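S.K.: Structure incoming, see below.
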Amino acid sequence: MAFLEFKDISKGYPGVQALSDVSFSVAKGAVHGLMGENGAGKSTLIRLLSGDQSADTGTIAIDGEAQSYKSVRDAFAAGVIVIHQELQLVPELTVAENLWLGRFPSSGGVISRRKLIDSVAAKLQDIGIDIDPAAKVSSLSIGARQMVEIAKAVILDARVIALDEPTSSLSSRESEVLFALIEKLKAKGTVILYVSHRLDEIFRLCDSLTVLRDGKLAAHHPRIADTSRDQIIAEMVGREISNIWGWHGRDFGLPRLEVKDLSGSHLPRPISFSVRQGEILGFFGLIGAGRSEMARLLYGADHRHGGTVTIDGMAVAADNPGASIRAGIVLCPEDRKHDGIIQGRSIEENITISSRRHFSPFGILSLGKEASVADDFIARLRVRTPSRKQDIINLSGGNQQKVILGRWLSEQGVKVLVIDEPTRGIDIGAKAEIYEILYGLAAGGMAIVVISSELPEVMGISDRIMVMCQGHVVADVERPDFDERRILTSALPDRTAAAS
Ligand SMILES: Nc1ncnc2c1ncn2[C@@H]1O[C@H](COP(=O)(O)OP(=O)(O)OP(=O)(O)O)[C@@H](O)[C@H]1O
Ligand SMILES: [Mg+2]
C-alpha cells in the first residue's frame, strides 16, 4: 500500500543534524500531515524530496522504486512537485509564463503568447483559480502568488505533491480553494505531503500524520482519527501544554493611545478607539478587512486623510514614521520575511539592529548587553541554532520569524506596540512564550494592539476586540462578552452589506 516511502533519511548542516534516521511511508491517494516545532526538519525533508538537496544517507522510494534523482528536474520527471515555504516564482514573468516555465507551447519554435495565455486561462478556470494569466507575478499579492504555485502543481499532474505551509499567507477564501483542490487531487490518487502548524487544518485534510522532533521521528499515525490534538502537541513539544493562551487579568492605567477619526484611502470611514496602559486590544477581521492598513496609518507609514493620534495626550505627527518612533510607537509588520530579515547578518545582529535605537540617544546597547538580549530570546523562544553568531539565512522559516519578533519585542522605551500576525509560522510551544512576553510588556504599562486573522488567538489573548470588515469597524467587544460565532459572523462581508 505504501506509495511514498522515506527510509533511514539523515541530513546534516554545519553544526546542526537536521534529520536523523527518519523512516515513514504514505499510502496512495493519502494526504499526509507533517508537523513539528520550528527547526524540527520538515522543510529539510521536503527539500530532499524535491531533489534540490541530497540526503547524507537513506532513500526515497515512489511506488516501490528507489529514487536516485540528483536535481529538481529529475524529481519533476519522476512526478514530484514541491511547493516550498519560500515561493519560487519568477516575479518579472507573467502568471502564464511561470506556469509553463521550460515547456512553452511553441509554433515552429516561436512561443505563441496568445496561445499560452489562452491555454493557461482555460486551465485556471478549470481548477477554480481566479487569477489573470497575463498579470506579472510581481503585481500579485503573496496569497495570489501562492495560488499560482499550487496551480502549477495541479496542471503539471504530479504523482506526489508536497506543500510546505501553504496557507500561511492565504486568505480564508483562498484556503478553501486550496482545500477543494487537495480533495480533487486525492481522488485522483495523488499523494500529498502537507506541512502546517495549524492543527485544525491538519485534522480537516489529513488521513495520516508524522510528527518530527529535533530531526527525529517522534510519532507516526497511519490513521489520524486514532490520535488527538493534545497527543500531537505533546509529541511535538515533548511536554503537555494545557492552556497555550495563559491569559490573566491585568490592571489598566490611563489611556495611552488615542485614535480619533483616523481615515485613509483604504479606511473610508473614520476609525476611533483608545488603548489604556496595560491593555491588549485585538483587531480581528478576514484578510483584506483593513486591519493592516489601519496599523500603517497609525504608524505614519501610509498617508493619513484625516484624524489624530495621541500618545499620553501628545499628538503624533501624521505621515511620519520617524516621529511615531520618537513618540514611542513601534509597528511590527505582518510581512516580516520581506520587511525584516537582514540576510548575511547573524541572529544577534538581526535582533539588536533596531530602527528605534537610531532615533533614541539612550538606546545604544553595549556589546555584552546585545549578546545577552540575543541569548535570552534564543532561549525563551527556543530558536533552534548552534549559536547567536549563525547567519539568519540558515535558520528554518519559523525560527527566522522568532528572531525578527525578538527585535521588536526587545525594543526599549516603547509605549505603544502594534503587532501584526504575531505568531504566523510559529510553533505552538513558542506561541505560548510569545504571549507571555506580550503580557509582561503590558503589565509594564505598554498599550498593545494585536492584529490577527486567527480568531482563537485574538480571543485567547486580548482584553478587548474590535472587528473590522471592508475598511469599517463592525464590532467592539469586551472580554467577558467574547463569543466566537458572534465575532466571526460580524467579520463576514455580506452581513455588513446587509447592515449598511
Ligand atoms: N543551509 C543550512 N545551514 C545550516 N543549518 C540549516 C540550513 N538549512 C536548515 N538548517 C537547519 O536545519 C534545521 C531544520 O530546519 P527546517 O527548515 O527543516 O525546519 P522546519 O521544521 O521546516 O521548521 P519551520 O517550522 O520553522 O519551517 C534547523 O535547525 C535549521 O536551522
Ligand atoms: Mg519549514
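By convention here, the chains of the C-alpha cells are called A, B, ... in the order presented, each chain's residues are numbered starting at 1, and ligands are numbered starting at 1 in the order presented.
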Please identify the strand (DSSP E) residues within region 60-255 of chain A (assignment by DSSP from backbone atoms) and present them as a PyMOL selection string.
M.R.: chain A and resi 60-62+65-67+80-83+106-107+110-111+160-164+191-195+208-213+216-221+255
S.K.: Could you write out the selected residues, including C-alpha atoms, as a PDB file, in the first residue's frame?
M.R.:
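As a result, result29.pdb now contains:
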```
ATOM      1  CA  ILE A  60      13.207   7.835  -1.002  1.00  0.00           C
ATOM      2  CA  ALA A  61      11.037   5.342  -2.905  1.00  0.00           C
ATOM      3  CA  ILE A  62       7.980   6.067  -5.036  1.00  0.00           C
ATOM      4  CA  GLU A  65      11.027   2.182  -6.836  1.00  0.00           C
ATOM      5  CA  ALA A  66      14.042   3.739  -5.081  1.00  0.00           C
ATOM      6  CA  GLN A  67      14.691   7.204  -6.487  1.00  0.00           C
ATOM      7  CA  VAL A  80       7.299  15.012  -7.733  1.00  0.00           C
ATOM      8  CA  ILE A  81       6.402  18.662  -7.325  1.00  0.00           C
ATOM      9  CA  VAL A  82       7.173  20.670  -4.251  1.00  0.00           C
ATOM     10  CA  ILE A  83       5.746  23.988  -3.192  1.00  0.00           C
ATOM     11  CA  SER A 106       5.541  26.941 -29.497  1.00  0.00           C
ATOM     12  CA  SER A 107       4.614  27.022 -33.171  1.00  0.00           C
ATOM     13  CA  VAL A 110       8.313  30.581 -31.685  1.00  0.00           C
ATOM     14  CA  ILE A 111       6.417  30.927 -28.439  1.00  0.00           C
ATOM     15  CA  VAL A 160       3.488  13.336  -5.354  1.00  0.00           C
ATOM     16  CA  ILE A 161       2.902  16.918  -4.270  1.00  0.00           C
ATOM     17  CA  ALA A 162       4.449  18.430  -1.169  1.00  0.00           C
ATOM     18  CA  LEU A 163       3.106  21.666   0.241  1.00  0.00           C
ATOM     19  CA  ASP A 164       5.200  23.450   2.856  1.00  0.00           C
ATOM     20  CA  VAL A 191      -0.018  11.576  -2.643  1.00  0.00           C
ATOM     21  CA  ILE A 192       0.068  14.867  -0.803  1.00  0.00           C
ATOM     22  CA  LEU A 193       2.550  15.738   1.891  1.00  0.00           C
ATOM     23  CA  TYR A 194       1.187  18.643   3.875  1.00  0.00           C
ATOM     24  CA  VAL A 195       3.249  20.737   6.301  1.00  0.00           C
ATOM     25  CA  SER A 208      -2.312  10.172   8.291  1.00  0.00           C
ATOM     26  CA  LEU A 209       0.390  12.114  10.108  1.00  0.00           C
ATOM     27  CA  THR A 210       4.062  12.148  11.025  1.00  0.00           C
ATOM     28  CA  VAL A 211       5.489  14.253  13.845  1.00  0.00           C
ATOM     29  CA  LEU A 212       9.164  15.249  13.812  1.00  0.00           C
ATOM     30  CA  ARG A 213      11.067  16.457  16.834  1.00  0.00           C
ATOM     31  CA  LYS A 216      13.910  12.582  14.607  1.00  0.00           C
ATOM     32  CA  LEU A 217      10.672  10.753  14.068  1.00  0.00           C
ATOM     33  CA  ALA A 218       8.618  11.480  17.185  1.00  0.00           C
ATOM     34  CA  ALA A 219       5.425   9.722  16.070  1.00  0.00           C
ATOM     35  CA  HIS A 220       3.747   8.216  13.038  1.00  0.00           C
ATOM     36  CA  HIS A 221      -0.023   7.900  12.903  1.00  0.00           C
ATOM     37  CA  PRO A 255      -5.500  55.890  28.128  1.00  0.00           C
TER      38      PRO A 255
END
```
S.K.: Counting only C-alpha atoms and all ligand atoms, which residues of chain A fall within 10 Å of ligand 2, and what is the closest atom pair for each with its distance in Å at one decimal, ordered by chain and rising number, as a tab-separated table?
M.R.:
```
residue	atom	partner	partner_atom_place_in_ligand_line	distance
A:Met35	CA	ligand 2	1 (Mg)	9.8
A:Gly36	CA	ligand 2	1 (Mg)	9.3
A:Glu37	CA	ligand 2	1 (Mg)	9.2
A:Asn38	CA	ligand 2	1 (Mg)	6.8
A:Gly39	CA	ligand 2	1 (Mg)	6.9
A:Ala40	CA	ligand 2	1 (Mg)	8.2
A:Gly41	CA	ligand 2	1 (Mg)	7.1
A:Lys42	CA	ligand 2	1 (Mg)	5.5
A:Ser43	CA	ligand 2	1 (Mg)	4.1
A:Thr44	CA	ligand 2	1 (Mg)	7.3
A:Leu45	CA	ligand 2	1 (Mg)	9.2
A:Ile46	CA	ligand 2	1 (Mg)	8.7
A:Arg47	CA	ligand 2	1 (Mg)	9.7
A:His84	CA	ligand 2	1 (Mg)	8.4
A:Gln85	CA	ligand 2	1 (Mg)	6.2
A:Glu86	CA	ligand 2	1 (Mg)	8.9
A:Asp164	CA	ligand 2	1 (Mg)	6.7
A:Glu165	CA	ligand 2	1 (Mg)	7.5
A:Val195	CA	ligand 2	1 (Mg)	8.0
A:Ser196	CA	ligand 2	1 (Mg)	8.9
A:His197	CA	ligand 2	1 (Mg)	9.8
A:Leu395	CA	ligand 2	1 (Mg)	9.1
A:Ser396	CA	ligand 2	1 (Mg)	5.4
A:Gly397	CA	ligand 2	1 (Mg)	5.1
A:Gly398	CA	ligand 2	1 (Mg)	6.6
A:Asn399	CA	ligand 2	1 (Mg)	8.8
A:Gly425	CA	ligand 2	1 (Mg)	8.5
A:Ile426	CA	ligand 2	1 (Mg)	9.9
```
S.K.: How about saving the chosen residues, N, CA, C and O atoms kept, as a compact mmCIF listing (two decimals), in the first residue's frame?
M.R.:
```
# COMPACT_ATOMS: atom_id res chain seq x y z
N MET A 35 4.17 17.46 10.89
CA MET A 35 4.16 18.51 11.90
C MET A 35 5.42 18.45 12.75
O MET A 35 6.11 17.43 12.78
N GLY A 36 5.66 19.53 13.47
CA GLY A 36 6.83 19.59 14.34
C GLY A 36 7.16 21.03 14.63
O GLY A 36 6.75 21.92 13.89
N GLU A 37 7.93 21.23 15.69
CA GLU A 37 8.30 22.59 16.07
C GLU A 37 9.16 23.24 14.99
O GLU A 37 9.69 22.55 14.12
N ASN A 38 9.36 24.54 15.10
CA ASN A 38 10.23 25.24 14.16
C ASN A 38 11.63 24.66 14.27
O ASN A 38 12.17 24.53 15.36
N GLY A 39 12.17 24.27 13.11
CA GLY A 39 13.51 23.69 13.11
C GLY A 39 13.52 22.19 13.29
O GLY A 39 14.57 21.57 13.38
N ALA A 40 12.34 21.56 13.33
CA ALA A 40 12.26 20.11 13.55
C ALA A 40 12.77 19.31 12.36
O ALA A 40 13.10 18.14 12.49
N GLY A 41 12.79 19.94 11.17
CA GLY A 41 13.32 19.25 9.99
C GLY A 41 12.30 19.06 8.87
O GLY A 41 12.61 18.38 7.88
N LYS A 42 11.14 19.64 8.99
CA LYS A 42 10.08 19.46 7.99
C LYS A 42 10.51 19.94 6.61
O LYS A 42 10.41 19.21 5.62
N SER A 43 10.97 21.19 6.54
CA SER A 43 11.34 21.72 5.23
C SER A 43 12.56 21.00 4.67
O SER A 43 12.69 20.84 3.45
N THR A 44 13.43 20.55 5.55
CA THR A 44 14.60 19.80 5.08
C THR A 44 14.14 18.53 4.37
O THR A 44 14.61 18.22 3.27
N LEU A 45 13.19 17.83 4.98
CA LEU A 45 12.69 16.60 4.36
C LEU A 45 12.06 16.90 3.00
O LEU A 45 12.28 16.19 2.02
N ILE A 46 11.33 18.00 2.94
CA ILE A 46 10.69 18.40 1.69
C ILE A 46 11.73 18.79 0.64
O ILE A 46 11.59 18.49 -0.54
N ARG A 47 12.80 19.43 1.09
CA ARG A 47 13.88 19.80 0.14
C ARG A 47 14.54 18.56 -0.44
O ARG A 47 14.92 18.53 -1.61
N HIS A 84 7.47 25.17 -2.00
CA HIS A 84 8.29 25.48 -0.83
C HIS A 84 7.66 26.55 0.03
O HIS A 84 6.80 27.31 -0.40
N GLN A 85 8.18 26.60 1.25
CA GLN A 85 7.76 27.62 2.20
C GLN A 85 8.08 29.01 1.63
O GLN A 85 7.30 29.94 1.77
N GLU A 86 9.24 29.13 0.99
CA GLU A 86 9.59 30.38 0.31
C GLU A 86 9.20 30.20 -1.15
O GLU A 86 9.61 29.24 -1.78
N ASP A 164 4.57 23.04 1.60
CA ASP A 164 5.20 23.45 2.86
C ASP A 164 4.53 24.73 3.37
O ASP A 164 4.75 25.81 2.84
N GLU A 165 3.71 24.59 4.39
CA GLU A 165 2.95 25.70 4.98
C GLU A 165 2.23 26.55 3.93
O GLU A 165 2.43 27.76 3.86
N VAL A 195 2.61 20.19 5.10
CA VAL A 195 3.25 20.74 6.30
C VAL A 195 2.43 21.91 6.81
O VAL A 195 2.08 22.81 6.04
N SER A 196 2.10 21.90 8.09
CA SER A 196 1.36 23.03 8.65
C SER A 196 1.54 23.07 10.15
O SER A 196 1.80 22.05 10.78
N HIS A 197 1.41 24.29 10.71
CA HIS A 197 1.41 24.41 12.17
C HIS A 197 -0.02 24.47 12.68
O HIS A 197 -0.25 24.62 13.87
N LEU A 395 18.56 29.67 9.22
CA LEU A 395 17.52 29.21 10.14
C LEU A 395 16.30 28.73 9.37
O LEU A 395 16.05 29.15 8.25
N SER A 396 15.51 27.87 10.04
CA SER A 396 14.24 27.45 9.44
C SER A 396 13.31 28.66 9.40
O SER A 396 13.53 29.65 10.12
N GLY A 397 12.27 28.58 8.57
CA GLY A 397 11.35 29.70 8.37
C GLY A 397 10.80 30.25 9.68
O GLY A 397 10.82 31.46 9.92
N GLY A 398 10.32 29.36 10.53
CA GLY A 398 9.71 29.80 11.79
C GLY A 398 10.72 30.39 12.74
O GLY A 398 10.43 31.34 13.47
N ASN A 399 11.93 29.87 12.73
CA ASN A 399 12.97 30.41 13.61
C ASN A 399 13.40 31.81 13.14
O ASN A 399 13.72 32.66 13.95
N GLY A 425 3.41 31.19 11.32
CA GLY A 425 4.53 30.29 11.03
C GLY A 425 5.27 29.80 12.26
O GLY A 425 6.30 29.15 12.15
N ILE A 426 4.76 30.14 13.45
CA ILE A 426 5.49 29.82 14.68
C ILE A 426 4.83 28.63 15.38
O ILE A 426 3.61 28.54 15.43
```
S.K.: Run DSSP on the backbone of this structure and report the residues of region 272-469 of chain A it assigns to helix (DSSP H, G or I), as JSON, numbers by chain.
M.R.: {"A": [291, 292, 293, 294, 295, 296, 297, 298, 299, 321, 322, 323, 324, 325, 326, 327, 336, 337, 338, 339, 340, 347, 348, 349, 350, 351, 352, 355, 356, 357, 358, 359, 367, 368, 369, 370, 371, 372, 373, 374, 375, 376, 377, 378, 379, 380, 392, 393, 394, 397, 398, 399, 400, 401, 402, 403, 404, 405, 406, 407, 408, 409, 428, 429, 430, 431, 432, 433, 434, 435, 436, 437, 438, 439, 440, 441, 442, 443, 455, 456, 457, 458, 459, 460, 461]}
S.K.: Give me the residues within 10 Å of Gly471 (chain A) as JSON, numbers by chain, counting only C-alpha atoms and dropping any in the same chain fewer than 3 places off.
M.R.: {"A": [263, 264, 265, 266, 267, 268, 269, 270, 271, 285, 288, 289, 290, 291, 293, 294, 468, 474]}
S.K.: CA of Ala55 (chain A) to CA of Gly238 (chain A): how many Å, to one decimal?
M.R.: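 Going from CA of Ala55 (chain A) over to CA of Gly238 (chain A), I get 26.1 Å.
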S.K.: What does the distance between CA of Ala158 (chain A) and CA of Met1 (chain A) come to in Å, to one decimal place?
M.R.: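 CA of Met1 (chain A) lies 18.6 Å from CA of Ala158 (chain A).
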S.K.: Go through A:Phe273, A:Tyr13, A:Phe76, A:Trp245 one by one, measure the shortest atom-to-atom distance of each to ligand 1 using only C-alpha atoms and all ligand atoms, and give the residue with the smallest value.
M.R.: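 For ligand 1, the nearest of the given residues is A:Tyr13.
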